[in-house]
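final.txt (compact mmCIF, C-alpha atoms)
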# COMPACT_ATOMS: atom_id res chain seq x y z
CA MET A 1 -30.72 -3.58 0.77
CA LYS A 2 -28.26 -5.77 -1.14
CA LYS A 3 -24.74 -5.30 0.14
CA ILE A 4 -21.70 -5.31 -2.12
CA LYS A 5 -19.19 -7.88 -0.87
CA ALA A 6 -15.74 -6.32 -0.77
CA ALA A 7 -12.17 -7.13 0.18
CA ILE A 8 -9.50 -4.80 1.50
CA ILE A 9 -5.97 -5.32 0.22
CA GLY A 10 -3.53 -3.84 2.72
CA LEU A 11 -3.57 -3.23 6.45
CA ASP A 12 -0.64 -0.84 6.79
CA THR A 13 -2.99 2.17 6.73
CA SER A 14 -5.53 3.34 9.29
CA HIS A 15 -8.04 3.66 6.45
CA SER A 16 -8.50 -0.12 6.52
CA ILE A 17 -9.79 0.28 10.07
CA GLN A 18 -11.76 3.48 9.44
CA PHE A 19 -13.61 2.08 6.41
CA SER A 20 -14.30 -1.26 8.09
CA MET A 21 -15.61 0.46 11.22
CA ARG A 22 -18.17 2.46 9.25
CA THR A 23 -19.42 -0.59 7.37
CA MET A 24 -18.97 -3.47 9.85
CA ALA A 25 -18.81 -2.28 13.47
CA PRO A 26 -22.11 -2.93 15.31
CA ASP A 27 -21.46 -0.01 17.66
CA CYS A 28 -20.57 2.50 14.92
CA ASP A 29 -22.09 5.94 15.47
CA PRO A 30 -25.27 6.01 13.35
CA ASP A 31 -24.19 9.36 11.89
CA GLN A 32 -21.05 7.67 10.54
CA LYS A 33 -22.59 4.38 9.43
CA VAL A 34 -22.37 3.52 5.73
CA GLU A 35 -24.85 0.99 4.36
CA GLY A 36 -24.59 -1.10 1.24
CA MET A 37 -21.15 -2.71 1.59
CA GLU A 38 -19.84 -5.65 3.58
CA ILE A 39 -16.10 -6.09 4.10
CA LEU A 40 -15.57 -9.85 3.98
CA SER A 41 -11.79 -10.05 4.11
CA CYS A 42 -8.51 -8.17 4.35
CA MET A 43 -5.02 -9.07 3.14
CA ARG A 44 -2.21 -7.99 5.48
CA PHE A 45 1.50 -7.55 4.85
CA GLU A 46 4.27 -5.57 6.47
CA SER A 47 5.64 -2.39 4.92
CA PRO A 48 7.80 0.52 6.11
CA PHE A 49 4.51 2.07 7.29
CA GLN A 50 3.42 -0.73 9.64
CA ASP A 51 5.24 -3.52 11.48
CA LYS A 52 3.97 -6.91 12.67
CA LYS A 53 2.90 -5.60 16.09
CA GLY A 54 0.73 -2.90 14.53
CA LEU A 55 -0.70 -5.37 12.02
CA ASP A 56 -1.57 -7.79 14.82
CA GLU A 57 -3.44 -5.06 16.69
CA ARG A 58 -5.39 -4.09 13.59
CA THR A 59 -6.07 -7.74 12.75
CA ALA A 60 -7.65 -8.27 16.17
CA GLN A 61 -9.93 -5.28 15.61
CA LEU A 62 -11.04 -6.39 12.15
CA GLU A 63 -11.68 -9.95 13.30
CA ASP A 64 -13.81 -8.61 16.13
CA TRP A 65 -16.00 -6.98 13.45
CA GLY A 66 -16.24 -10.21 11.48
CA VAL A 67 -13.61 -9.45 8.82
CA LYS A 68 -11.39 -12.39 7.85
CA VAL A 69 -7.69 -11.41 7.77
CA THR A 70 -5.22 -13.38 5.68
CA GLU A 71 -1.75 -13.07 4.15
CA SER A 72 -2.94 -14.61 0.87
CA PHE A 73 -4.15 -12.37 -1.96
CA ASP A 74 -6.10 -15.20 -3.58
CA GLU A 75 -7.83 -16.07 -0.32
CA ALA A 76 -8.70 -12.43 0.36
CA VAL A 77 -10.38 -11.87 -3.01
CA GLU A 78 -12.34 -15.13 -3.11
CA GLY A 79 -16.07 -14.53 -3.47
CA VAL A 80 -15.98 -10.71 -3.45
CA GLU A 81 -17.48 -8.20 -5.87
CA ALA A 82 -15.24 -5.17 -5.30
CA LEU A 83 -11.77 -4.29 -4.03
CA LEU A 84 -10.38 -1.52 -1.83
CA LEU A 85 -6.64 -1.21 -2.36
CA GLU A 86 -5.55 0.25 0.98
CA VAL A 87 -1.80 0.03 0.50
CA ASN A 88 -0.10 2.81 2.45
CA ASP A 89 3.26 2.40 0.70
CA PRO A 90 2.75 3.91 -2.78
CA THR A 91 5.76 2.03 -4.17
CA MET A 92 3.59 -1.10 -3.95
CA HIS A 93 0.62 0.30 -5.85
CA VAL A 94 1.56 -0.90 -9.32
CA GLU A 95 2.16 -4.47 -8.08
CA TYR A 96 -1.16 -4.80 -6.29
CA PHE A 97 -3.17 -2.81 -8.82
CA GLU A 98 -2.08 -5.13 -11.61
CA LYS A 99 -3.06 -8.18 -9.53
CA ALA A 100 -6.44 -6.60 -8.84
CA ALA A 101 -6.99 -5.46 -12.44
CA LYS A 102 -6.82 -9.04 -13.73
CA LEU A 103 -9.88 -9.98 -11.64
CA GLY A 104 -12.26 -7.72 -13.56
CA LEU A 105 -13.76 -6.22 -10.39
CA PRO A 106 -14.38 -2.52 -9.65
CA ILE A 107 -11.48 -1.04 -7.68
CA PHE A 108 -10.97 1.84 -5.30
CA LEU A 109 -7.25 2.67 -5.17
CA ASP A 110 -6.53 4.79 -2.13
CA LYS A 111 -4.44 7.88 -2.75
CA PRO A 112 -1.88 8.67 -4.02
CA LEU A 113 -2.14 7.00 -7.42
CA ALA A 114 1.51 5.87 -7.21
CA ASP A 115 4.89 6.95 -5.87
CA ASN A 116 5.87 8.91 -9.00
CA MET A 117 4.57 9.88 -12.42
CA GLU A 118 6.31 7.01 -14.19
CA ASN A 119 4.42 4.48 -12.10
CA GLY A 120 1.24 6.56 -12.36
CA LEU A 121 1.47 6.15 -16.13
CA GLU A 122 2.04 2.41 -15.66
CA ILE A 123 -1.23 2.24 -13.73
CA ALA A 124 -2.87 4.18 -16.58
CA ARG A 125 -1.55 1.55 -18.98
CA ILE A 126 -2.99 -1.26 -16.84
CA VAL A 127 -6.36 0.53 -16.65
CA LYS A 128 -6.48 0.65 -20.45
CA GLU A 129 -5.19 -2.90 -20.99
CA TYR A 130 -7.73 -4.53 -18.68
CA ASN A 131 -10.51 -1.96 -19.13
CA VAL A 132 -10.57 -1.47 -15.36
CA LYS A 133 -13.47 0.24 -13.66
CA MET A 134 -11.70 2.19 -10.94
CA PHE A 135 -11.16 5.49 -9.21
CA SER A 136 -8.57 6.91 -6.86
CA ALA A 137 -9.14 9.87 -4.56
CA SER A 138 -8.55 11.49 -1.21
CA ALA A 139 -11.57 12.13 1.00
CA LEU A 140 -10.56 15.81 0.94
CA ARG A 141 -11.94 16.06 -2.57
CA PHE A 142 -15.51 15.63 -1.31
CA ILE A 143 -15.56 17.90 1.77
CA SER A 144 -19.01 19.50 1.69
CA ASN A 145 -18.18 23.01 2.91
CA MET A 146 -15.24 23.25 0.48
CA GLU A 147 -17.54 22.21 -2.36
CA ALA A 148 -20.11 24.78 -1.25
CA THR A 149 -17.47 27.52 -1.45
CA VAL A 150 -16.23 26.43 -4.86
CA ASN A 151 -19.75 26.12 -6.29
CA LYS A 152 -20.41 29.80 -5.57
CA PHE A 153 -18.18 30.81 -8.48
CA ASP A 154 -18.05 30.15 -12.21
CA ASP A 155 -14.68 31.68 -13.04
CA ILE A 156 -12.09 30.99 -10.33
CA GLN A 157 -8.80 32.61 -11.30
CA CYS A 158 -6.71 31.89 -8.21
CA ALA A 159 -6.85 29.40 -5.36
CA SER A 160 -4.65 28.87 -2.34
CA VAL A 161 -4.97 25.76 -0.19
CA PHE A 162 -3.10 24.49 2.85
CA GLY A 163 -2.71 21.23 4.70
CA PRO A 164 -0.21 19.18 6.69
CA LEU A 165 3.03 17.68 5.45
CA GLY A 166 2.95 14.31 7.17
CA ILE A 167 6.38 12.66 7.14
CA ALA A 168 6.47 9.40 5.20
CA ALA A 169 8.12 6.32 6.67
CA ALA A 170 9.69 5.81 3.24
CA GLY A 171 9.67 7.70 -0.04
CA GLU A 172 8.57 11.27 -0.74
CA SER A 173 6.42 12.90 1.97
CA VAL A 174 5.01 15.39 -0.55
CA VAL A 175 3.64 12.51 -2.62
CA TRP A 176 2.48 10.37 0.30
CA TYR A 177 0.72 13.05 2.36
CA GLY A 178 0.78 16.20 0.26
CA VAL A 179 -1.69 14.47 -2.06
CA HIS A 180 -4.55 15.59 0.21
CA ALA A 181 -3.91 19.30 -0.31
CA PHE A 182 -3.14 18.86 -4.00
CA GLU A 183 -6.44 17.03 -4.34
CA LEU A 184 -8.16 20.10 -2.91
CA LEU A 185 -6.44 22.33 -5.45
CA GLN A 186 -7.26 20.08 -8.38
CA ARG A 187 -10.91 19.85 -7.31
CA ILE A 188 -11.08 23.64 -7.26
CA MET A 189 -9.09 24.43 -10.40
CA GLY A 190 -9.66 21.38 -12.60
CA CYS A 191 -7.11 20.21 -15.15
CA GLY A 192 -4.75 22.37 -17.15
CA ALA A 193 -1.69 22.81 -14.91
CA GLU A 194 1.46 23.62 -16.87
CA SER A 195 4.33 24.02 -14.37
CA VAL A 196 5.24 24.16 -10.68
CA THR A 197 7.68 26.25 -8.68
CA ALA A 198 8.29 24.77 -5.21
CA VAL A 199 10.17 25.98 -2.15
CA ASN A 200 11.18 23.66 0.68
CA ASP A 201 12.24 25.05 4.07
CA GLU A 202 12.10 24.20 7.78
CA LYS A 203 8.36 24.99 7.90
CA GLY A 204 7.38 22.74 5.01
CA VAL A 205 6.77 23.12 1.28
CA VAL A 206 5.06 25.81 -0.78
CA ALA A 207 4.22 25.04 -4.40
CA VAL A 208 3.01 27.63 -6.92
CA VAL A 209 1.10 25.99 -9.76
CA HIS A 210 0.88 27.84 -13.08
CA TYR A 211 -1.94 27.03 -15.49
CA LYS A 212 -1.94 27.21 -19.29
CA ASP A 213 -4.70 29.83 -19.30
CA GLY A 214 -2.97 32.14 -16.82
CA ARG A 215 -4.69 30.98 -13.63
CA ARG A 216 -2.61 30.33 -10.51
CA GLY A 217 -2.80 27.92 -7.61
CA VAL A 218 -0.80 27.74 -4.38
CA VAL A 219 -0.38 24.71 -2.13
CA GLU A 220 1.18 25.14 1.32
CA LEU A 221 2.19 21.96 3.15
CA ALA A 222 3.03 22.72 6.77
CA LYS A 223 4.90 20.41 9.11
CA GLY A 224 2.87 19.59 12.21
CA ALA A 225 -0.22 21.67 11.35
CA PHE A 226 -3.06 19.21 10.77
CA VAL A 227 -5.71 21.58 9.42
CA TYR A 228 -6.97 21.88 5.84
CA GLY A 229 -8.45 24.94 4.22
CA GLY A 230 -8.00 27.58 1.59
CA ASN A 231 -9.41 30.47 -0.37
CA VAL A 232 -10.68 30.99 -3.90
CA ARG A 233 -10.79 34.18 -5.91
CA THR A 234 -12.35 35.45 -9.10
CA ASP A 235 -11.54 38.82 -10.65
CA SER A 236 -14.28 40.40 -8.53
CA ASP A 237 -14.99 38.18 -5.53
CA LYS A 238 -13.42 35.76 -3.07
CA ASP A 239 -14.26 33.30 -0.28
CA VAL A 240 -12.43 31.19 2.29
CA PHE A 241 -13.05 27.82 3.90
CA ILE A 242 -11.71 25.54 6.64
CA CYS A 243 -12.38 21.90 5.83
CA ASP A 244 -14.94 20.26 8.08
CA MET A 245 -13.56 16.72 8.40
CA THR A 246 -16.47 15.32 10.44
CA TYR A 247 -17.89 13.23 7.61
CA ALA A 248 -14.78 12.95 5.42
CA TYR A 249 -14.51 9.15 5.51
CA LYS A 250 -18.28 8.68 5.30
CA GLY A 251 -18.49 10.96 2.28
CA LEU A 252 -15.82 8.97 0.45
CA LEU A 253 -17.37 5.64 1.43
CA ASP A 254 -20.85 6.69 0.28
CA ARG A 255 -19.42 7.50 -3.15
CA MET A 256 -17.43 4.27 -3.17
CA VAL A 257 -20.52 2.15 -2.52
CA ALA A 258 -22.48 3.94 -5.26
CA PHE A 259 -19.58 3.34 -7.65
CA PHE A 260 -19.29 -0.35 -6.72
CA LYS A 261 -23.02 -0.73 -7.37
CA GLY A 262 -22.64 0.44 -10.95
CA GLY A 263 -22.56 4.22 -10.70
CA PRO A 264 -20.03 6.44 -12.48
CA ALA A 265 -16.61 7.12 -11.00
CA PRO A 266 -16.88 10.16 -8.71
CA VAL A 267 -13.60 11.52 -10.08
CA GLU A 268 -12.26 11.20 -13.61
CA PHE A 269 -8.99 9.32 -14.08
CA GLU A 270 -7.64 12.34 -16.00
CA ASP A 271 -7.99 14.41 -12.83
CA THR A 272 -6.22 11.78 -10.70
CA LEU A 273 -3.38 11.52 -13.21
CA GLU A 274 -2.89 15.29 -13.18
CA ILE A 275 -2.68 15.22 -9.36
CA MET A 276 0.06 12.59 -9.65
CA ASN A 277 1.80 14.79 -12.21
CA LEU A 278 1.58 17.82 -9.90
CA LEU A 279 3.06 15.86 -6.99
CA ASP A 280 5.88 14.48 -9.12
CA THR A 281 6.64 17.90 -10.61
CA THR A 282 6.66 19.51 -7.15
CA VAL A 283 9.30 17.02 -5.99
CA ARG A 284 11.39 17.75 -9.08
CA SER A 285 11.12 21.50 -8.49
CA MET A 286 12.12 21.10 -4.83
CA LYS A 287 15.23 19.23 -5.91
CA SER A 288 16.19 21.50 -8.79
CA GLY A 289 15.23 24.85 -7.28
CA ASN A 290 13.68 25.76 -10.63
CA ASN A 291 10.28 26.04 -12.23
CA GLU A 292 9.51 22.60 -13.66
CA LYS A 293 7.09 21.68 -16.44
CA LEU A 294 4.55 18.90 -15.90
CA SER A 295 5.42 15.68 -17.73
Translate this file's structure into structure tokens.
Amino acid sequence: MKKIKAAIIGLDTSHSIQFSMRTMAPDCDPDQKVEGMEILSCMRFESPFQDKKGLDERTAQLEDWGVKVTESFDEAVEGVEALLLEVNDPTMHVEYFEKAAKLGLPIFLDKPLADNMENGLEIARIVKEYNVKMFSASALRFISNMEATVNKFDDIQCASVFGPLGIAAAGESVVWYGVHAFELLQRIMGCGAESVTAVNDEKGVVAVVHYKDGRRGVVELAKGAFVYGGNVRTDSDKDVFICDMTYAYKGLLDRMVAFFKGGPAPVEFEDTLEIMNLLDTTVRSMKSGNNEKLS
């Protein structure tokens, strides 16, 4: 099997380790192993999310798996066929996405799309200008038992999902970590959100999403509760699910490899942009205390 040669840009997220382990580690659990991609190199840099000590520890692990680690973007991308932008600090996404876009290679941009809607639209502009083949997604979007629940119904009217509110080292925690739960909601409900009403208290954040056709979604982000799940409802039926995270990274990687090998993007950019819009609007509603319209 021909392997796609890829580079990782960014080492301030654990995903750089998790993805490399499943593709490069000789002792990876066979159930978690992903074939078809070889991580040749990784670019490292400090950010508020990872200091030099943490980067050094991760560098040692990657080098043990045969991944070359460098501080040079040009050196990292030399001779590769695809890029994984694993930049934990979303304020850096525009900068590195534009560098990557100029190379003409397929790109996976790890969630969230950006730190706010303005920069999300800037990435959309870059995608159009350079005709970039890319996608951006959370692994939560592809959880098999969630998809099985959603696929039972043709006319979902309401959905409620929950997940953790991880606290960001910098920037908005709702954007940085809330993206996982909002990705669940968008996968269930599709596009068409119109406005958000959000409440922020000592337990976390609850966002009520109103849709143009009268549907409703709820996202609950809880501090310290690292479980994902939800329920869906039609006018006559309902079902619930707790996300089985066992193969979350593998599921995302499998789709990534298929995409890098010429397959279609597993999520439309329109969907990703609406998730960014929902996150940005939720932050605005938290600050204003009012119902806020999507941009």
Task: Closest of A:Gln157, A:Ser47, A:Gln18, A:Ser136 to A:Leu83 - atom-to-atom distances counting only C-alpha atoms - done: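 Between A:Gln157, A:Ser47, A:Gln18, A:Ser136, the residue approaching A:Leu83 most closely is A:Ser136.
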- [ ] Give the answer as one residue: which of A:Val283, A:Val127, A:Ala168, A:Met134 has the shortest atom-to-atom distance to A:Gly263, using only C-alpha atoms?
- [x] A:Met134
Task: Within-8 Å shell of (4.1, 17.3, -17.3) in input frame, all atoms listed in the file, as number ranges by chain - done: A: 194-195, 277-278, 281, 293-295
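Minimum atom-to-atom distance to A:Pro164, evaluated using all atoms listed in the file, belongs to A:Gly229 out of A:Gly251, A:Gly229, A:Gly214, A:Gly104.
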Open item on the list: as a list of chain:residue names, please: the residues near A:Ala265 (cut-off 7 Å, all atoms listed in the file, same-chain neighbours under 3 positions excluded).
Closed with: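 Close residues of A:Ala265: A:Met134, A:Phe135, A:Phe259, A:Glu268.
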Task: Residue among A:Asp74, A:Glu63, A:Asp110, A:Glu118 lying closest to A:Met256, counting all atoms listed in the file - done: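 Looking at the shortest contact to A:Met256, the residue is A:Asp110.
The gap separating atom CA of A:Gln61 from atom CA of A:Trp176 is 25.2 Å, in Å to one decimal.
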- [ ] Would you mind telling me which residue in A:Asp64, A:Asp27, A:Glu98, A:Glu147 lies nearest to A:Val240 when using only C-alpha atoms?
- [x] A:Glu147
Open item on the list: What does the structure give for the distance between atom CA of A:Met37 and atom CA of A:Ala101, in Å to one decimal?
Closed with: 20.1 Å
TODO: Quote the spacing between atom CA of A:Ala139 and atom CA of A:Glu202 in Å to one decimal place.
DONE: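 Distance between the two atoms: 27.4 Å.
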Task: Near-A:Gly166 list (10 Å; all atoms listed in the file; drop same-chain fewer than 4 positions) as a list of chain:residue names - done: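 After dropping sequence-adjacent residues, the list is A:Ser173, A:Val174, A:Val175, A:Trp176, A:Tyr177, A:Gly178, A:Gly204, A:Leu221, A:Ala222, A:Lys223, A:Gly224, A:Ala225, A:Phe226.
Counting all atoms listed in the file, the residue from A:Lys53, A:Arg215, A:Ala6, A:Leu109 that sits nearest to A:Ala76 is A:Ala6.
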Residue contacts of A:Cys28 (12 Å, all atoms listed in the file) excluding same-chain residues fewer than 6 positions away, as a PDB file with C-alpha atoms, keeping the file's coordinate frame:
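Once everything was written out, this is out-v9.pdb:
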ATOM      1  CA  GLN A  18     -11.760   3.480   9.440  1.00  0.00           C
ATOM      2  CA  PHE A  19     -13.610   2.080   6.410  1.00  0.00           C
ATOM      3  CA  SER A  20     -14.300  -1.260   8.090  1.00  0.00           C
ATOM      4  CA  MET A  21     -15.610   0.460  11.220  1.00  0.00           C
ATOM      5  CA  ARG A  22     -18.170   2.460   9.250  1.00  0.00           C
ATOM      6  CA  VAL A  34     -22.370   3.520   5.730  1.00  0.00           C
ATOM      7  CA  GLU A  35     -24.850   0.990   4.360  1.00  0.00           C
ATOM      8  CA  TRP A  65     -16.000  -6.980  13.450  1.00  0.00           C
ATOM      9  CA  LYS A 250     -18.280   8.680   5.300  1.00  0.00           C
TER      10      LYS A 250
END
Task: Contact residues around A:Glu57 with all atoms listed in the file at 12 Å, ignoring same-chain residues under 5 positions, as a list in words - done: Leu11, Asp12, Ser14, Ile17, Arg44, Gln50, Asp51, Lys52, Leu62, Glu63, Asp64 and Val69 of chain A
Quick one: axis-aligned box around all listed atoms of stretch 99-105 of chain A, 6 Å on every side, centre and edge lengths in Å to one decimal, written as JSON.
{"center_x": -8.4, "center_y": -7.7, "center_z": -11.3, "size_x": 22.7, "size_y": 16.5, "size_z": 16.9}
Your completed stretch 235-249 of chain A with N, CA and C atoms, as a PDB file, in the frame of the given file:
ATOM      1  N   ASP A 235     -12.025  37.457 -10.429  1.00  0.00           N
ATOM      2  CA  ASP A 235     -11.540  38.820 -10.650  1.00  0.00           C
ATOM      3  C   ASP A 235     -12.297  39.833  -9.804  1.00  0.00           C
ATOM      4  N   SER A 236     -13.461  39.425  -9.258  1.00  0.00           N
ATOM      5  CA  SER A 236     -14.280  40.400  -8.530  1.00  0.00           C
ATOM      6  C   SER A 236     -14.763  39.929  -7.160  1.00  0.00           C
ATOM      7  N   ASP A 237     -14.447  38.705  -6.779  1.00  0.00           N
ATOM      8  CA  ASP A 237     -14.990  38.180  -5.530  1.00  0.00           C
ATOM      9  C   ASP A 237     -14.026  37.147  -4.954  1.00  0.00           C
ATOM     10  N   LYS A 238     -14.260  36.770  -3.702  1.00  0.00           N
ATOM     11  CA  LYS A 238     -13.420  35.760  -3.070  1.00  0.00           C
ATOM     12  C   LYS A 238     -14.188  35.116  -1.917  1.00  0.00           C
ATOM     13  N   ASP A 239     -13.694  33.962  -1.449  1.00  0.00           N
ATOM     14  CA  ASP A 239     -14.260  33.300  -0.280  1.00  0.00           C
ATOM     15  C   ASP A 239     -13.200  32.383   0.315  1.00  0.00           C
ATOM     16  N   VAL A 240     -13.382  32.043   1.577  1.00  0.00           N
ATOM     17  CA  VAL A 240     -12.430  31.190   2.290  1.00  0.00           C
ATOM     18  C   VAL A 240     -13.171  30.019   2.921  1.00  0.00           C
ATOM     19  N   PHE A 241     -12.444  28.969   3.245  1.00  0.00           N
ATOM     20  CA  PHE A 241     -13.050  27.820   3.900  1.00  0.00           C
ATOM     21  C   PHE A 241     -12.006  27.102   4.754  1.00  0.00           C
ATOM     22  N   ILE A 242     -12.470  26.500   5.848  1.00  0.00           N
ATOM     23  CA  ILE A 242     -11.710  25.540   6.640  1.00  0.00           C
ATOM     24  C   ILE A 242     -12.434  24.215   6.513  1.00  0.00           C
ATOM     25  N   CYS A 243     -11.727  23.179   6.109  1.00  0.00           N
ATOM     26  CA  CYS A 243     -12.380  21.900   5.830  1.00  0.00           C
ATOM     27  C   CYS A 243     -12.985  21.295   7.098  1.00  0.00           C
ATOM     28  N   ASP A 244     -14.256  20.977   7.018  1.00  0.00           N
ATOM     29  CA  ASP A 244     -14.940  20.260   8.080  1.00  0.00           C
ATOM     30  C   ASP A 244     -14.769  18.773   7.814  1.00  0.00           C
ATOM     31  N   MET A 245     -13.936  18.115   8.639  1.00  0.00           N
ATOM     32  CA  MET A 245     -13.560  16.720   8.400  1.00  0.00           C
ATOM     33  C   MET A 245     -14.515  15.722   9.062  1.00  0.00           C
ATOM     34  N   THR A 246     -15.593  16.193   9.664  1.00  0.00           N
ATOM     35  CA  THR A 246     -16.470  15.320  10.440  1.00  0.00           C
ATOM     36  C   THR A 246     -16.942  14.104   9.649  1.00  0.00           C
ATOM     37  N   TYR A 247     -17.341  14.322   8.409  1.00  0.00           N
ATOM     38  CA  TYR A 247     -17.890  13.230   7.610  1.00  0.00           C
ATOM     39  C   TYR A 247     -17.002  12.910   6.402  1.00  0.00           C
ATOM     40  N   ALA A 248     -15.691  13.158   6.545  1.00  0.00           N
ATOM     41  CA  ALA A 248     -14.780  12.950   5.420  1.00  0.00           C
ATOM     42  C   ALA A 248     -14.764  11.498   4.958  1.00  0.00           C
ATOM     43  N   TYR A 249     -14.555  10.566   5.883  1.00  0.00           N
ATOM     44  CA  TYR A 249     -14.510   9.150   5.510  1.00  0.00           C
ATOM     45  C   TYR A 249     -15.883   8.668   5.030  1.00  0.00           C
TER      46      TYR A 249
END
